[in-house]
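Engineer: Just one file: coords-v5.cif, with mmCIF, C-alpha atoms.
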data_model
#
loop_
_atom_site.group_PDB
_atom_site.id
_atom_site.type_symbol
_atom_site.label_atom_id
_atom_site.label_comp_id
_atom_site.auth_asym_id
_atom_site.auth_seq_id
_atom_site.Cartn_x
_atom_site.Cartn_y
_atom_site.Cartn_z
ATOM 1 C CA MET K 1 13.042 -22.657 85.107
ATOM 2 C CA SER K 2 13.807 -22.802 88.842
ATOM 3 C CA SER K 3 13.495 -25.975 90.922
ATOM 4 C CA ILE K 4 10.425 -24.542 92.717
ATOM 5 C CA GLU K 5 8.691 -23.930 89.370
ATOM 6 C CA LYS K 6 9.659 -27.398 88.108
ATOM 7 C CA ASN K 7 8.396 -29.087 91.279
ATOM 8 C CA LEU K 8 5.078 -27.226 91.147
ATOM 9 C CA GLN K 9 4.654 -28.015 87.473
ATOM 10 C CA TYR K 10 5.247 -31.704 88.189
ATOM 11 C CA LEU K 11 2.764 -31.738 91.073
ATOM 12 C CA HIS K 12 0.088 -30.013 89.007
ATOM 13 C CA THR K 13 0.452 -32.663 86.299
ATOM 14 C CA ILE K 14 0.089 -35.603 88.688
ATOM 15 C CA LEU K 15 -2.425 -34.324 91.259
ATOM 16 C CA PRO K 16 -6.055 -35.106 90.453
ATOM 17 C CA LYS K 17 -8.157 -32.020 89.627
ATOM 18 C CA ASP K 18 -10.234 -32.415 92.788
ATOM 19 C CA VAL K 19 -7.204 -32.403 95.114
ATOM 20 C CA THR K 20 -6.165 -29.011 96.525
ATOM 21 C CA LEU K 21 -2.450 -28.340 96.917
ATOM 22 C CA VAL K 22 -1.350 -26.443 100.034
ATOM 23 C CA ALA K 23 2.275 -25.382 99.522
ATOM 24 C CA VAL K 24 3.875 -25.636 102.963
ATOM 25 C CA SER K 25 6.109 -22.591 103.133
ATOM 26 C CA LYS K 26 7.096 -22.710 106.832
ATOM 27 C CA THR K 27 10.712 -21.555 107.428
ATOM 28 C CA LYS K 28 10.965 -20.527 103.763
ATOM 29 C CA PRO K 29 11.792 -16.935 102.776
ATOM 30 C CA VAL K 30 9.325 -14.577 101.116
ATOM 31 C CA SER K 31 11.386 -14.821 97.882
ATOM 32 C CA ASP K 32 10.674 -18.588 97.628
ATOM 33 C CA ILE K 33 6.955 -18.048 98.225
ATOM 34 C CA MET K 34 6.963 -15.311 95.585
ATOM 35 C CA GLU K 35 8.534 -17.740 93.118
ATOM 36 C CA ALA K 36 5.774 -20.259 93.789
ATOM 37 C CA TYR K 37 3.185 -17.465 93.569
ATOM 38 C CA GLN K 38 4.491 -16.430 90.153
ATOM 39 C CA SER K 39 4.078 -20.052 89.058
ATOM 40 C CA GLY K 40 0.372 -19.770 89.904
ATOM 41 C CA GLN K 41 0.314 -21.182 93.454
ATOM 42 C CA ARG K 42 -2.096 -19.273 95.719
ATOM 43 C CA ILE K 43 -2.554 -21.498 98.795
ATOM 44 C CA PHE K 44 0.236 -21.590 101.373
ATOM 45 C CA GLY K 45 0.507 -23.353 104.737
ATOM 46 C CA GLU K 46 2.442 -22.178 107.787
ATOM 47 C CA ASN K 47 2.846 -23.649 111.261
ATOM 48 C CA LYS K 48 3.834 -20.534 113.246
ATOM 49 C CA ILE K 49 1.351 -17.677 113.533
ATOM 50 C CA GLN K 50 3.998 -14.954 113.936
ATOM 51 C CA GLU K 51 5.882 -16.081 110.828
ATOM 52 C CA MET K 52 2.664 -16.422 108.817
ATOM 53 C CA THR K 53 1.513 -12.923 109.863
ATOM 54 C CA HIS K 54 4.838 -11.426 108.798
ATOM 55 C CA LYS K 55 4.517 -13.130 105.388
ATOM 56 C CA TRP K 56 0.862 -12.073 105.036
ATOM 57 C CA GLU K 57 1.925 -8.443 105.535
ATOM 58 C CA GLU K 58 4.636 -8.683 102.874
ATOM 59 C CA LEU K 59 3.002 -10.803 100.181
ATOM 60 C CA PRO K 60 0.119 -10.296 97.682
ATOM 61 C CA ASN K 61 -3.319 -10.162 99.280
ATOM 62 C CA ASP K 62 -4.906 -12.829 97.067
ATOM 63 C CA ILE K 63 -2.901 -15.533 98.856
ATOM 64 C CA GLN K 64 -5.000 -17.983 100.881
ATOM 65 C CA TRP K 65 -3.213 -18.650 104.164
ATOM 66 C CA HIS K 66 -3.685 -21.978 105.944
ATOM 67 C CA MET K 67 -2.526 -22.512 109.529
ATOM 68 C CA ILE K 68 -1.396 -26.139 109.610
ATOM 69 C CA GLY K 69 0.384 -26.314 112.980
ATOM 70 C CA HIS K 70 -0.911 -26.801 116.501
ATOM 71 C CA VAL K 71 -2.719 -23.643 117.655
ATOM 72 C CA GLN K 72 -2.667 -22.092 121.126
ATOM 73 C CA THR K 73 -5.887 -20.230 121.903
ATOM 74 C CA ASN K 74 -4.055 -17.055 122.994
ATOM 75 C CA LYS K 75 -2.454 -16.719 119.535
ATOM 76 C CA VAL K 76 -5.667 -16.937 117.472
ATOM 77 C CA LYS K 77 -6.225 -13.156 117.561
ATOM 78 C CA TYR K 78 -3.064 -12.510 115.527
ATOM 79 C CA MET K 79 -4.249 -14.473 112.486
ATOM 80 C CA ALA K 80 -7.996 -13.789 112.757
ATOM 81 C CA PRO K 81 -7.917 -10.804 110.352
ATOM 82 C CA TYR K 82 -6.707 -12.891 107.420
ATOM 83 C CA VAL K 83 -6.367 -16.679 107.919
ATOM 84 C CA HIS K 84 -8.497 -18.709 105.483
ATOM 85 C CA THR K 85 -8.400 -22.179 107.059
ATOM 86 C CA ILE K 86 -7.138 -23.533 110.377
ATOM 87 C CA HIS K 87 -6.253 -27.225 110.018
ATOM 88 C CA ALA K 88 -5.430 -28.584 113.449
ATOM 89 C CA VAL K 89 -8.548 -27.814 115.488
ATOM 90 C CA ASP K 90 -8.848 -30.322 118.309
ATOM 91 C CA SER K 91 -11.182 -28.832 120.945
ATOM 92 C CA TYR K 92 -14.419 -26.925 121.478
ATOM 93 C CA LYS K 93 -12.408 -24.342 123.455
ATOM 94 C CA LEU K 94 -10.300 -23.583 120.371
ATOM 95 C CA LEU K 95 -13.351 -23.409 118.081
ATOM 96 C CA LYS K 96 -14.976 -20.969 120.495
ATOM 97 C CA GLU K 97 -11.900 -18.717 120.490
ATOM 98 C CA ILE K 98 -11.604 -18.790 116.682
ATOM 99 C CA ASN K 99 -15.276 -17.842 116.465
ATOM 100 C CA LYS K 100 -14.814 -14.982 118.964
ATOM 101 C CA GLN K 101 -11.825 -13.530 117.110
ATOM 102 C CA ALA K 102 -13.374 -14.025 113.636
ATOM 103 C CA LYS K 103 -16.469 -12.138 114.828
ATOM 104 C CA LYS K 104 -14.348 -9.094 115.698
ATOM 105 C CA HIS K 105 -13.284 -8.922 112.045
ATOM 106 C CA ASN K 106 -16.710 -9.803 110.687
ATOM 107 C CA ARG K 107 -15.299 -12.936 109.065
ATOM 108 C CA VAL K 108 -16.038 -16.653 108.864
ATOM 109 C CA ILE K 109 -12.943 -18.832 109.313
ATOM 110 C CA ASN K 110 -12.849 -22.369 107.949
ATOM 111 C CA CYS K 111 -11.790 -25.041 110.440
ATOM 112 C CA LEU K 112 -10.705 -28.645 109.971
ATOM 113 C CA LEU K 113 -11.029 -31.025 112.909
ATOM 114 C CA GLN K 114 -7.783 -32.868 113.545
ATOM 115 C CA ILE K 115 -8.388 -36.588 114.002
ATOM 116 C CA LYS K 116 -5.667 -38.639 115.686
ATOM 117 C CA ILE K 117 -4.644 -41.390 113.293
ATOM 118 C CA ALA K 118 -0.961 -41.865 114.103
ATOM 119 C CA THR K 119 0.400 -44.345 116.641
ATOM 120 C CA GLU K 120 2.864 -41.777 118.002
ATOM 121 C CA GLU K 121 1.943 -40.360 121.392
ATOM 122 C CA ASN K 122 3.093 -36.827 120.551
ATOM 123 C CA LYS K 123 0.588 -36.349 117.714
ATOM 124 C CA TYR K 124 -2.433 -34.234 118.595
ATOM 125 C CA GLY K 125 -5.992 -34.909 117.553
ATOM 126 C CA LEU K 126 -9.495 -35.928 118.539
ATOM 127 C CA SER K 127 -10.641 -39.518 118.705
ATOM 128 C CA GLN K 128 -13.466 -40.376 116.304
ATOM 129 C CA ALA K 129 -15.888 -40.566 119.245
ATOM 130 C CA ASP K 130 -14.868 -37.113 120.523
ATOM 131 C CA ALA K 131 -15.162 -35.634 117.021
ATOM 132 C CA LEU K 132 -18.693 -37.012 116.625
ATOM 133 C CA GLN K 133 -19.627 -35.640 120.041
ATOM 134 C CA LEU K 134 -18.232 -32.221 119.113
ATOM 135 C CA LEU K 135 -20.067 -32.108 115.779
ATOM 136 C CA ALA K 136 -23.342 -33.055 117.478
ATOM 137 C CA ALA K 137 -23.006 -30.526 120.317
ATOM 138 C CA GLU K 138 -25.697 -27.848 120.513
ATOM 139 C CA GLU K 139 -23.102 -25.149 121.379
ATOM 140 C CA ILE K 140 -21.471 -25.585 117.969
ATOM 141 C CA LYS K 141 -24.583 -24.232 116.262
ATOM 142 C CA ASP K 142 -24.084 -20.879 118.005
ATOM 143 C CA LEU K 143 -20.629 -20.396 116.503
ATOM 144 C CA SER K 144 -21.669 -18.505 113.391
ATOM 145 C CA ASN K 145 -18.191 -17.127 112.548
ATOM 146 C CA ILE K 146 -16.591 -20.506 111.970
ATOM 147 C CA SER K 147 -17.362 -23.183 109.426
ATOM 148 C CA ILE K 148 -16.222 -26.767 110.051
ATOM 149 C CA THR K 149 -15.345 -27.681 106.486
ATOM 150 C CA GLY K 150 -13.484 -30.942 106.933
ATOM 151 C CA LEU K 151 -11.109 -33.273 108.728
ATOM 152 C CA MET K 152 -7.336 -33.313 108.926
ATOM 153 C CA GLY K 153 -4.953 -36.086 109.931
ATOM 154 C CA MET K 154 -1.217 -36.645 110.311
ATOM 155 C CA ALA K 155 0.018 -40.156 109.716
ATOM 156 C CA THR K 156 2.796 -41.837 111.674
ATOM 157 C CA PHE K 157 6.274 -40.778 110.535
ATOM 158 C CA THR K 158 7.215 -44.059 108.850
ATOM 159 C CA GLU K 159 8.167 -45.529 105.493
ATOM 160 C CA ASN K 160 5.905 -48.518 106.128
ATOM 161 C CA GLU K 161 3.348 -48.100 103.339
ATOM 162 C CA GLU K 162 0.963 -50.658 104.829
ATOM 163 C CA GLN K 163 0.758 -48.682 108.049
ATOM 164 C CA LEU K 164 0.256 -45.384 106.181
ATOM 165 C CA ASN K 165 -2.418 -46.990 104.043
ATOM 166 C CA SER K 166 -4.192 -48.329 107.120
ATOM 167 C CA GLU K 167 -4.121 -44.953 108.938
ATOM 168 C CA PHE K 168 -5.306 -43.003 105.894
ATOM 169 C CA LYS K 169 -8.076 -45.523 105.157
ATOM 170 C CA LYS K 170 -9.298 -45.220 108.743
ATOM 171 C CA ILE K 171 -9.734 -41.432 108.560
ATOM 172 C CA SER K 172 -11.125 -41.658 105.035
ATOM 173 C CA ALA K 173 -13.866 -44.064 106.145
ATOM 174 C CA PHE K 174 -14.665 -41.750 109.059
ATOM 175 C CA PHE K 175 -14.770 -38.764 106.657
ATOM 176 C CA GLU K 176 -17.342 -40.556 104.471
ATOM 177 C CA LYS K 177 -19.416 -41.328 107.561
ATOM 178 C CA VAL K 178 -19.301 -37.776 108.952
ATOM 179 C CA LYS K 179 -20.186 -36.159 105.607
ATOM 180 C CA ILE K 180 -23.613 -37.810 105.650
ATOM 181 C CA ASN K 181 -24.838 -35.759 108.634
ATOM 182 C CA THR K 182 -22.627 -32.682 108.232
ATOM 183 C CA PRO K 183 -22.949 -31.315 104.683
ATOM 184 C CA SER K 184 -20.399 -28.533 105.277
ATOM 185 C CA ILE K 185 -17.666 -31.191 105.586
ATOM 186 C CA LYS K 186 -16.081 -31.509 102.154
ATOM 187 C CA THR K 187 -12.326 -31.496 102.819
ATOM 188 C CA LEU K 188 -10.084 -34.370 103.862
ATOM 189 C CA SER K 189 -6.617 -32.933 104.466
ATOM 190 C CA ILE K 190 -4.211 -35.883 104.568
ATOM 191 C CA GLY K 191 -0.872 -36.455 102.877
ATOM 192 C CA MET K 192 2.467 -34.643 102.959
ATOM 193 C CA SER K 193 5.626 -34.743 100.819
ATOM 194 C CA GLY K 194 6.542 -38.310 101.769
ATOM 195 C CA ASP K 195 3.113 -39.933 101.637
ATOM 196 C CA TYR K 196 0.762 -37.816 99.499
ATOM 197 C CA LYS K 197 0.466 -40.437 96.751
ATOM 198 C CA ILE K 198 -0.857 -43.018 99.244
ATOM 199 C CA ALA K 199 -3.139 -40.366 100.798
ATOM 200 C CA ILE K 200 -4.661 -39.554 97.404
ATOM 201 C CA GLN K 201 -5.337 -43.251 96.761
ATOM 202 C CA CYS K 202 -7.144 -43.268 100.123
ATOM 203 C CA GLY K 203 -9.426 -40.345 99.233
ATOM 204 C CA SER K 204 -7.527 -37.201 100.226
ATOM 205 C CA THR K 205 -8.979 -33.955 98.833
ATOM 206 C CA MET K 206 -6.159 -31.715 100.130
ATOM 207 C CA VAL K 207 -2.416 -32.367 100.417
ATOM 208 C CA ARG K 208 0.114 -30.340 102.413
ATOM 209 C CA ILE K 209 3.410 -30.397 100.523
ATOM 210 C CA GLY K 210 6.566 -28.551 101.548
ATOM 211 C CA SER K 211 9.936 -30.167 100.854
ATOM 212 C CA ALA K 212 8.764 -31.668 97.521
ATOM 213 C CA ILE K 213 8.221 -28.058 96.356
ATOM 214 C CA PHE K 214 10.744 -25.914 98.217
ATOM 215 C CA GLY K 215 13.473 -28.450 98.981
ATOM 216 C CA VAL K 216 14.691 -29.586 102.376
ATOM 217 C CA ARG K 217 13.590 -27.363 105.247
ATOM 218 C CA ASN K 218 16.002 -24.938 106.841
ATOM 219 C CA TYR K 219 15.506 -25.268 110.597
ATOM 220 C CA SER K 220 18.022 -22.566 111.479
ATOM 221 C CA HIS K 221 15.502 -19.944 110.235
#
Any chance you could give the structure as structure tokens?
Structural biologist:
Amino acid sequence: MSSIEKNLQYLHTILPKDVTLVAVSKTKPVSDIMEAYQSGQRIFGENKIQEMTHKWEELPNDIQWHMIGHVQTNKVKYMAPYVHTIHAVDSYKLLKEINKQAKKHNRVINCLLQIKIATEENKYGLSQADALQLLAAEEIKDLSNISITGLMGMATFTENEEQLNSEFKKISAFFEKVKINTPSIKTLSIGMSGDYKIAIQCGSTMVRIGSAIFGVRNYSH
């Protein structure tokens, strides 16, 4: 059994049944993704649209592709024919563009609103107030080719478990609050290879795991 198969097997034994595993395959070759696919994994996350599109063209068509990186509006058209979920949505402008491109393909694309939970300045995301304003906006109701299905957050890059716990709890409490008035919101995408166990304790329903499946990332790719 390969290390990818072993890692996936381990994750499937420890992840709760109601937590979805997104295998983060960015920078990884098609052969690695195929290995994970043959082990039963069907949901993969990428952070570059060009790379994801190339993989979509080469790999089996029952794979569910998730765009987990920051998205520029002018690139949305390239993934609109196939992307299942876009994680890092942080503006009405981006939602409008996703809707426009999805409409051309007669599709509905799932979107997660990215909420800023980290202390680092370079992390993107909406404040809770801005997210509430966006969800309540009348214009959103006209976007019939997108579905806002949840929230996504990226914690501070730290080994301080108390800080991670605090950041995850903050978004989790907000998620519970938002769900009351927006029934389509069912997904809380928090937790990566280094902190997914804490995220799950804080109520995560979707984890984005790369290096704990595929090994350390190859940035020269």
Engineer: If the PyMOL selection byres ((chain K and resi 94-96) around 8) were run on this exact file, what residues would it hold? Put them as a count of residues only.
Structural biologist: 14
Engineer: Go through K:Glu161, K:Glu35, K:Asp142, K:Glu58 one by one, measure the shortest atom-to-atom distance of each to K:Lys197 using all atoms listed in the file, and give the residue with the smallest value.
Structural biologist: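 Closest to K:Lys197, using all atoms listed in the file: K:Glu161.
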Engineer: Identify the residues within 12 Å of coordinate (3.0, -45.0, 114.0) (same frame as the file), considering only C-alpha atoms, and give the answer as a list of chain:residue names.
Structural biologist: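 Here the neighbourhood of the point contains K:Lys116, K:Ile117, K:Ala118, K:Thr119, K:Glu120, K:Glu121, K:Asn122, K:Lys123, K:Met154, K:Ala155, K:Thr156, K:Phe157, K:Thr158, K:Glu159, K:Asn160, K:Glu161, K:Glu162, K:Gln163, K:Leu164, K:Asn165, K:Ser166, K:Glu167, K:Phe168.
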Engineer: Name the residues captured by the PyMOL selection byres ((chain K and resi 60) around 12) when it is applied to the shown file; answer as a list in words.
Structural biologist: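 So the PyMOL selection byres ((chain K and resi 60) around 12), applied here, picks out Val30, Ile33, Met34, Tyr37, Gln38, Gln41, Arg42, Ile43, Phe44, Lys55, Trp56, Glu57, Glu58, Leu59, Asn61, Asp62, Ile63, Gln64 and Trp65 of chain K.
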Engineer: Residues picked by the PyMOL selection byres ((chain K and resi 77) around 12) here, as number ranges by chain?
Structural biologist: K: 49-50, 53, 71-76, 78-83, 94, 97-105
Engineer: Enter the distance from atom CA of K:His70 to atom CA of K:Leu135, in Å, rounded to one decimal.
Structural biologist: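 Rounded to one decimal, the two atoms are 19.9 Å apart.
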Engineer: For stretch 5-15 of chain K, list every protein, DNA or RNA residue within 9 Å, evaluated using only C-alpha atoms, and leave out those in the same chain fewer than 4 positions away; present the list as a ChimeraX atom specification.
Structural biologist: /K:1,19-21,35-36,38-41,197,200,212-214
Engineer: Can you write just those residues out, C-alpha atoms, as a tab-separated table (two decimals), in the coordinates of the input?
Structural biologist:
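Output file part32.tsv is given in full below:
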chain	number	residue	atom	x	y	z
K	1	MET	CA	13.04	-22.66	85.11
K	19	VAL	CA	-7.20	-32.40	95.11
K	20	THR	CA	-6.16	-29.01	96.52
K	21	LEU	CA	-2.45	-28.34	96.92
K	35	GLU	CA	8.53	-17.74	93.12
K	36	ALA	CA	5.77	-20.26	93.79
K	38	GLN	CA	4.49	-16.43	90.15
K	39	SER	CA	4.08	-20.05	89.06
K	40	GLY	CA	0.37	-19.77	89.90
K	41	GLN	CA	0.31	-21.18	93.45
K	197	LYS	CA	0.47	-40.44	96.75
K	200	ILE	CA	-4.66	-39.55	97.40
K	212	ALA	CA	8.76	-31.67	97.52
K	213	ILE	CA	8.22	-28.06	96.36
K	214	PHE	CA	10.74	-25.91	98.22
Engineer: What is the distance between atom CA of K:Asn106 and atom CA of K:Met52, in Å to one decimal?
Structural biologist: 20.6 Å
Engineer: In Å, rounded to a single decimal, give me how far atom CA of K:Val207 is from atom CA of K:Thr27.
Structural biologist: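 So the two atoms, atom CA of K:Thr27 and atom CA of K:Val207, lie 18.4 Å apart.
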Engineer: Write out as a PDB file with C-alpha atoms, keeping the file's coordinate frame which residues come within 7 Å of K:Glu46 when counting all atoms listed in the file, dropping same-chain ones fewer than 3 positions away.
Structural biologist:
ATOM      1  CA  VAL K  24       3.875 -25.636 102.963  1.00  0.00           C
ATOM      2  CA  SER K  25       6.109 -22.591 103.133  1.00  0.00           C
ATOM      3  CA  LYS K  26       7.096 -22.710 106.832  1.00  0.00           C
ATOM      4  CA  MET K  52       2.664 -16.422 108.817  1.00  0.00           C
ATOM      5  CA  HIS K  66      -3.685 -21.978 105.944  1.00  0.00           C
ATOM      6  CA  MET K  67      -2.526 -22.512 109.529  1.00  0.00           C
ATOM      7  CA  ILE K  68      -1.396 -26.139 109.610  1.00  0.00           C
ATOM      8  CA  GLY K  69       0.384 -26.314 112.980  1.00  0.00           C
TER       9      GLY K  69
END
Engineer: Tell me which of K:Glu176, K:Leu113, K:Pro29, K:Thr182 sits closest to K:Thr85, counting all atoms listed in the file.
Structural biologist: K:Leu113
Engineer: For K:Met192, which residue among K:Ile109, K:Val22, K:Ile86, K:Ile115 is the nearest when counting only C-alpha atoms?
Structural biologist: K:Val22
Engineer: Counting all atoms listed in the file, which of K:Met206, K:Leu151, K:Val178, K:Val108 gets nearest to K:Gly45?
Structural biologist: K:Met206
Engineer: If the box runs along x, y and z of the file and leaves 6 Å on each side of stretch 176-181 of chain K, what are its centre and edge lengths in Å, one decimal, as lines of an AutoDock Vina configuration file?
Structural biologist:
center_x = -21.1
center_y = -38.5
center_z = 106.7
size_x = 19.5
size_y = 17.6
size_z = 16.5
Engineer: Please provide as a list in words all residues within 9 Å of K:Leu188, with the sequence filter that same-chain residues fewer than 6 positions apart are discarded (counting all atoms listed in the file).
Structural biologist: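 In the requested form, the answer reads Leu112, Thr149, Gly150, Leu151, Met152, Gly153, Ile171, Ser172, Phe175, Gly203, Ser204, Thr205, Met206 and Val207 of chain K.
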Engineer: Just checking: using only C-alpha atoms, which residue out of K:Asn47, K:Asn110, K:Ser184, K:Gln128 ends up closest to K:Arg208?
Structural biologist: K:Asn47
